[in-house]
Amino acid sequence: MLLVTGGAGFIGSNLVAALNAVGRTDVVVCDVLGNEGKWRNLAKRQLVDIVPPGELTAWLAGRRLDAVFHLGAISETTATDGDLVIETNFRFSSRLLDWCTANPTPFIYASSAATYGNGEQGFRDDPSLEALRALRPMNLYGWSKYLFDLLVAERAGHGGPMPPQWAGLKFFNVFGPNEYHKGTMMSVLARRFDDVRSGRPVQLFKSHRDGIADGDQRRDFIYVDDVVRVMIWLFATPSVSGIFNVGTGRARSFRDLMLAAYAALDAAPNIVYVDMPEQIRNSYQYFTESDVSRLQAAGYNGGFTGLEEAVSLYVKDFLDRPDRYR
């Protein structure tokens with residue numbers, strides 16, 4: 001039996017779909033379905049149970065699991081309730097880590113590229129405590145993930161008790177099907193697609209930094225299928241543990257992203273540039289790019305989908321169809 005926390009969410013539901021596809025129907029999801037239509041992310045899936053987070057500790061008592069994929073979190077970078085974020089993203093994660101240690105169970109969890117802050121320390125997934133302690137996340141979400149990475153790394157580095165396999169995955173800018181419940185936290189492509197299809201102008205931010213063109217702010221965009229492929233590989237490779245970046249290793253611009261969407265529809269681009277809100281100008285990241293050499297050195301050779309191909313898959317298989325769900 002497999003447990004996927006956050007399994008009704010974006011990345012979690014895509015992981016559940018992949019597990020079903022390889023014959024694992026013994027999947028338990030831990031999540032809150034709420035009123036945002038998250039149930040649709042699981043409407044085509046086969047599950048054993050859906051357990052609310054508040055009931056998980058009691059549910060785990062006496063269980064034996066093949067693995068825990070811990071993807072559940074408050075992931076809004078604009079979150080402000082510090083107590084709730086720490087309880088959800090740090091303390092709940094710590095309890096799951098302890099359970100997987102006491103009941104020897106592989107533990108694969110979601111960290112985040114938000115732990116890197118403004119990127120002044122680079123984007124290399126150096127697992128040393130010295131390197132981790134030098135990071136300065138810029139928001140509450142990133143800090144909560146950073147705290148848990150530190151806890152895990154210190155325990156592992158000092159030879160403390162750990163699960164038989166553990167992996168923390170620093171996801172970069174993931175996009176793909178089943179992200180629609182995320183509101184303003186959806187990818188720019190998902191938020192702007194209806195404008196692309198209708199011919200309305202697509203708004204991107206102007207640059208407020210010398211030497212960078214409007215719309216040329218860059219991110220390491222990675223298709224959700226690639227993220228899931230990494231997790232499935234880790235599950236199949238129990239000898240690999242560590243904290244790893246999960247991105248393509250190539251930064252691309254928001255303009256590139258939207259031009260790929262226009263190309264997928266064979267439509268003429270119609271992009272306009274608007275001023276970035278003043279309240280985010282000083283903290284806005286102009287560049288993120290993962291270093292995936294450690295993941296590859298650990299044996300991962302699944303590759304990553306190029307931006308234009310990934311956008312085309314997303315548009316043609318999901319966004320431009322009546323049923324956008326996987």
# chains A, B, ... in the order shown; residues from 1 in each chain; ligands from 1
call {"tool": "select_by_dssp", "arguments": {"residues": "stretch 132-163 of chain A", "states": "alpha helix (DSSP H)", "output": "ChimeraX atom specification"}}
result
/A:132-133,140-157
call {"tool": "residues_around", "arguments": {"residues": "stretch 312-314 of chain A", "least_positions_apart": "2", "cutoff": "9 Å", "atoms": "only C-alpha atoms", "output": "number ranges by chain"}}
result
A: 175-177, 223, 260-261, 263-265, 307-310, 316-320
call {"tool": "write_last_selection", "arguments": {"atoms": "C-alpha atoms", "output": "tab-separated table (two decimals), in the first residue's frame"}}
result
chain	number	residue	atom	x	y	z
A	175	PHE	CA	3.19	23.20	-14.76
A	176	GLY	CA	0.68	20.80	-16.26
A	177	PRO	CA	-2.80	19.29	-15.94
A	223	TYR	CA	6.39	19.67	-17.00
A	260	ALA	CA	5.01	28.20	-27.28
A	261	ALA	CA	1.30	28.29	-26.41
A	263	ALA	CA	2.55	28.05	-31.61
A	264	ALA	CA	0.65	25.03	-30.25
A	265	LEU	CA	-2.59	26.68	-31.41
A	307	LEU	CA	9.60	23.70	-23.13
A	308	GLU	CA	7.99	23.83	-26.58
A	309	GLU	CA	7.15	20.12	-26.54
A	310	ALA	CA	5.82	20.27	-22.98
A	316	LYS	CA	-3.34	19.83	-27.08
A	317	ASP	CA	-4.03	17.06	-24.57
A	318	PHE	CA	-5.63	19.13	-21.81
A	319	LEU	CA	-6.06	22.92	-21.99
A	320	ASP	CA	-7.68	22.98	-25.42
call {"tool": "closest_residue", "arguments": {"among": "A:Trp39, A:Ser207, A:Ala131, A:Met231", "to": "A:His70", "atoms": "only C-alpha atoms"}}
result
A:Met231
call {"tool": "closest_residue", "arguments": {"among": "A:Tyr325, A:Tyr262, A:Phe92, A:Phe205", "to": "A:Glu278", "atoms": "only C-alpha atoms"}}
result
A:Phe205
call {"tool": "atom_distance", "arguments": {"atom1": "atom CA of A:Val68", "atom2": "atom CA of A:Val227"}}
result
16.2 Å
call {"tool": "residues_around", "arguments": {"residues": "stretch 44-59 of chain A", "least_positions_apart": "5", "cutoff": "10 Å", "atoms": "only C-alpha atoms", "output": "number ranges by chain"}}
result
A: 1-8, 13-14, 16-21, 24-33, 39, 72, 88, 92, 95-96, 99, 325-326
call {"tool": "residues_around", "arguments": {"residues": "stretch 239-251 of chain A", "least_positions_apart": "3", "cutoff": "9 Å", "atoms": "only C-alpha atoms", "output": "ChimeraX atom specification"}}
result
/A:108,111-113,123-127,149,153,156,164-174,218-223,226-227,230,234,287-295,298-299,303-306
call {"tool": "residues_around", "arguments": {"residues": "A:Asn118", "least_positions_apart": "4", "cutoff": "12 Å", "atoms": "only C-alpha atoms", "output": "PyMOL selection string"}}
result
chain A and resi 113-114+122-123+135-139+142+282-289
call {"tool": "write_last_selection", "arguments": {"atoms": "N, CA and C atoms", "output": "compact mmCIF listing (two decimals), in the first residue's frame"}}
result
# COMPACT_ATOMS: atom_id res chain seq x y z
N ALA A 113 12.15 24.92 -4.71
CA ALA A 113 13.18 25.87 -5.12
C ALA A 113 13.04 27.19 -4.37
N ALA A 114 11.89 27.39 -3.70
CA ALA A 114 11.71 28.61 -2.90
C ALA A 114 12.70 28.66 -1.75
N GLY A 122 23.17 30.82 -5.53
CA GLY A 122 23.10 29.86 -6.62
C GLY A 122 21.95 28.89 -6.42
N PHE A 123 21.84 27.93 -7.32
CA PHE A 123 20.75 26.96 -7.28
C PHE A 123 21.29 25.53 -7.32
N LEU A 135 21.36 29.55 2.92
CA LEU A 135 20.21 29.96 2.11
C LEU A 135 19.32 30.91 2.91
N ARG A 136 18.67 31.81 2.18
CA ARG A 136 17.78 32.78 2.81
C ARG A 136 16.46 32.85 2.02
N PRO A 137 15.51 31.98 2.35
CA PRO A 137 14.21 32.03 1.67
C PRO A 137 13.55 33.40 1.83
N MET A 138 12.75 33.76 0.82
CA MET A 138 12.17 35.10 0.80
C MET A 138 10.72 35.15 1.27
N ASN A 139 10.12 33.99 1.52
CA ASN A 139 8.73 34.00 1.96
C ASN A 139 8.50 32.88 2.97
N GLY A 142 8.69 29.24 1.59
CA GLY A 142 10.06 28.78 1.37
C GLY A 142 10.78 28.51 2.68
N ASN A 282 10.86 44.65 -5.54
CA ASN A 282 12.15 44.48 -4.86
C ASN A 282 12.45 43.02 -4.53
N SER A 283 11.42 42.19 -4.49
CA SER A 283 11.63 40.78 -4.13
C SER A 283 11.41 39.83 -5.31
N TYR A 284 11.15 40.37 -6.47
CA TYR A 284 10.83 39.53 -7.63
C TYR A 284 12.09 38.85 -8.16
N GLN A 285 11.99 37.54 -8.41
CA GLN A 285 13.11 36.79 -8.96
C GLN A 285 13.12 36.93 -10.49
N TYR A 286 14.26 37.32 -11.03
CA TYR A 286 14.38 37.45 -12.48
C TYR A 286 14.97 36.21 -13.14
N PHE A 287 15.49 35.29 -12.31
CA PHE A 287 16.16 34.12 -12.91
C PHE A 287 16.20 32.98 -11.90
N THR A 288 15.74 31.81 -12.33
CA THR A 288 15.97 30.57 -11.58
C THR A 288 16.35 29.48 -12.57
N GLU A 289 17.31 28.67 -12.20
CA GLU A 289 17.73 27.57 -13.07
C GLU A 289 18.36 26.48 -12.20
call {"tool": "atom_distance", "arguments": {"atom1": "atom CA of A:Tyr180", "atom2": "atom CA of A:Tyr273"}}
result
24.1 Å
call {"tool": "atom_distance", "arguments": {"atom1": "atom CA of A:Ser128", "atom2": "atom CA of A:Gly157"}}
result
8.0 Å
call {"tool": "residues_around", "arguments": {"residues": "A:Thr101", "least_positions_apart": "3", "cutoff": "9 Å", "atoms": "only C-alpha atoms", "output": "list in words"}}
result
Leu96, Leu97, Asp98, Pro104, Thr105, Pro106, Phe107, Pro161, Met162, Pro163 and Pro164 of chain A
call {"tool": "residues_around", "arguments": {"residues": "A:Leu140", "least_positions_apart": "6", "cutoff": "9 Å", "atoms": "only C-alpha atoms", "output": "count of residues only"}}
result
9
call {"tool": "select_by_dssp", "arguments": {"residues": "stretch 76-302 of chain A", "states": "strand (DSSP E or B)", "output": "ChimeraX atom specification"}}
result
/A:107-110,124,166-171,173-175,202-205,218-219,221-223,242-246,252-253,271-274,287,291
call {"tool": "closest_residue", "arguments": {"among": "A:Leu129, A:Val224, A:Val272, A:Ala134", "to": "A:Leu150", "atoms": "only C-alpha atoms"}}
result
A:Leu129
call {"tool": "closest_residue", "arguments": {"among": "A:Thr184, A:Ser253, A:Ser198, A:Asn178", "to": "A:Leu42", "atoms": "only C-alpha atoms"}}
result
A:Asn178
call {"tool": "decode", "arguments": {"residues": "stretch 254-279 of chain A", "atoms": "N, CA and C atoms", "output": "PDB file, in the first residue's frame"}}
result
ATOM      1  N   PHE A 254       9.332  33.912 -19.638  1.00  0.00           N
ATOM      2  CA  PHE A 254       7.869  33.872 -19.675  1.00  0.00           C
ATOM      3  C   PHE A 254       7.380  34.136 -21.101  1.00  0.00           C
ATOM      4  N   ARG A 255       8.100  34.947 -21.826  1.00  0.00           N
ATOM      5  CA  ARG A 255       7.731  35.201 -23.231  1.00  0.00           C
ATOM      6  C   ARG A 255       7.848  33.911 -24.045  1.00  0.00           C
ATOM      7  N   ASP A 256       8.923  33.150 -23.849  1.00  0.00           N
ATOM      8  CA  ASP A 256       9.078  31.860 -24.531  1.00  0.00           C
ATOM      9  C   ASP A 256       7.893  30.942 -24.218  1.00  0.00           C
ATOM     10  N   LEU A 257       7.495  30.932 -22.944  1.00  0.00           N
ATOM     11  CA  LEU A 257       6.397  30.066 -22.519  1.00  0.00           C
ATOM     12  C   LEU A 257       5.123  30.398 -23.286  1.00  0.00           C
ATOM     13  N   MET A 258       4.786  31.690 -23.361  1.00  0.00           N
ATOM     14  CA  MET A 258       3.548  32.081 -24.018  1.00  0.00           C
ATOM     15  C   MET A 258       3.649  31.936 -25.536  1.00  0.00           C
ATOM     16  N   LEU A 259       4.810  32.196 -26.113  1.00  0.00           N
ATOM     17  CA  LEU A 259       4.971  31.995 -27.555  1.00  0.00           C
ATOM     18  C   LEU A 259       4.791  30.524 -27.923  1.00  0.00           C
ATOM     19  N   ALA A 260       5.214  29.631 -27.039  1.00  0.00           N
ATOM     20  CA  ALA A 260       5.013  28.200 -27.285  1.00  0.00           C
ATOM     21  C   ALA A 260       3.528  27.851 -27.290  1.00  0.00           C
ATOM     22  N   ALA A 261       2.745  28.523 -26.427  1.00  0.00           N
ATOM     23  CA  ALA A 261       1.300  28.286 -26.405  1.00  0.00           C
ATOM     24  C   ALA A 261       0.655  28.765 -27.690  1.00  0.00           C
ATOM     25  N   TYR A 262       1.054  29.947 -28.162  1.00  0.00           N
ATOM     26  CA  TYR A 262       0.528  30.436 -29.448  1.00  0.00           C
ATOM     27  C   TYR A 262       0.892  29.472 -30.579  1.00  0.00           C
ATOM     28  N   ALA A 263       2.126  28.973 -30.567  1.00  0.00           N
ATOM     29  CA  ALA A 263       2.554  28.052 -31.610  1.00  0.00           C
ATOM     30  C   ALA A 263       1.752  26.758 -31.576  1.00  0.00           C
ATOM     31  N   ALA A 264       1.428  26.278 -30.367  1.00  0.00           N
ATOM     32  CA  ALA A 264       0.652  25.035 -30.247  1.00  0.00           C
ATOM     33  C   ALA A 264      -0.735  25.184 -30.845  1.00  0.00           C
ATOM     34  N   LEU A 265      -1.272  26.411 -30.833  1.00  0.00           N
ATOM     35  CA  LEU A 265      -2.594  26.683 -31.408  1.00  0.00           C
ATOM     36  C   LEU A 265      -2.504  27.236 -32.826  1.00  0.00           C
ATOM     37  N   ASP A 266      -1.270  27.385 -33.322  1.00  0.00           N
ATOM     38  CA  ASP A 266      -1.048  27.993 -34.642  1.00  0.00           C
ATOM     39  C   ASP A 266      -1.722  29.357 -34.708  1.00  0.00           C
ATOM     40  N   ALA A 267      -1.523  30.151 -33.650  1.00  0.00           N
ATOM     41  CA  ALA A 267      -2.151  31.462 -33.542  1.00  0.00           C
ATOM     42  C   ALA A 267      -1.085  32.552 -33.508  1.00  0.00           C
ATOM     43  N   ALA A 268      -1.466  33.746 -33.937  1.00  0.00           N
ATOM     44  CA  ALA A 268      -0.541  34.871 -33.941  1.00  0.00           C
ATOM     45  C   ALA A 268      -0.371  35.409 -32.521  1.00  0.00           C
ATOM     46  N   PRO A 269       0.851  35.644 -32.079  1.00  0.00           N
ATOM     47  CA  PRO A 269       1.071  36.157 -30.724  1.00  0.00           C
ATOM     48  C   PRO A 269       0.461  37.544 -30.532  1.00  0.00           C
ATOM     49  N   ASN A 270      -0.051  37.754 -29.332  1.00  0.00           N
ATOM     50  CA  ASN A 270      -0.620  39.049 -28.951  1.00  0.00           C
ATOM     51  C   ASN A 270      -0.289  39.282 -27.482  1.00  0.00           C
ATOM     52  N   ILE A 271       0.936  39.756 -27.244  1.00  0.00           N
ATOM     53  CA  ILE A 271       1.454  39.927 -25.887  1.00  0.00           C
ATOM     54  C   ILE A 271       1.647  41.410 -25.609  1.00  0.00           C
ATOM     55  N   VAL A 272       1.170  41.848 -24.463  1.00  0.00           N
ATOM     56  CA  VAL A 272       1.401  43.219 -24.022  1.00  0.00           C
ATOM     57  C   VAL A 272       2.098  43.168 -22.668  1.00  0.00           C
ATOM     58  N   TYR A 273       2.855  44.216 -22.372  1.00  0.00           N
ATOM     59  CA  TYR A 273       3.644  44.236 -21.144  1.00  0.00           C
ATOM     60  C   TYR A 273       3.126  45.320 -20.210  1.00  0.00           C
ATOM     61  N   VAL A 274       2.923  44.933 -18.954  1.00  0.00           N
ATOM     62  CA  VAL A 274       2.360  45.849 -17.963  1.00  0.00           C
ATOM     63  C   VAL A 274       3.339  46.004 -16.808  1.00  0.00           C
ATOM     64  N   ASP A 275       3.232  47.115 -16.103  1.00  0.00           N
ATOM     65  CA  ASP A 275       4.121  47.364 -14.969  1.00  0.00           C
ATOM     66  C   ASP A 275       3.939  46.304 -13.883  1.00  0.00           C
ATOM     67  N   MET A 276       5.023  45.879 -13.329  1.00  0.00           N
ATOM     68  CA  MET A 276       4.992  44.975 -12.190  1.00  0.00           C
ATOM     69  C   MET A 276       4.525  45.748 -10.961  1.00  0.00           C
ATOM     70  N   PRO A 277       3.638  45.171 -10.159  1.00  0.00           N
ATOM     71  CA  PRO A 277       3.204  45.877  -8.946  1.00  0.00           C
ATOM     72  C   PRO A 277       4.401  46.291  -8.085  1.00  0.00           C
ATOM     73  N   GLU A 278       4.361  47.509  -7.572  1.00  0.00           N
ATOM     74  CA  GLU A 278       5.490  48.027  -6.815  1.00  0.00           C
ATOM     75  C   GLU A 278       5.814  47.195  -5.581  1.00  0.00           C
ATOM     76  N   GLN A 279       4.773  46.582  -4.984  1.00  0.00           N
ATOM     77  CA  GLN A 279       5.008  45.839  -3.737  1.00  0.00           C
ATOM     78  C   GLN A 279       5.825  44.569  -3.934  1.00  0.00           C
TER      79      GLN A 279
END
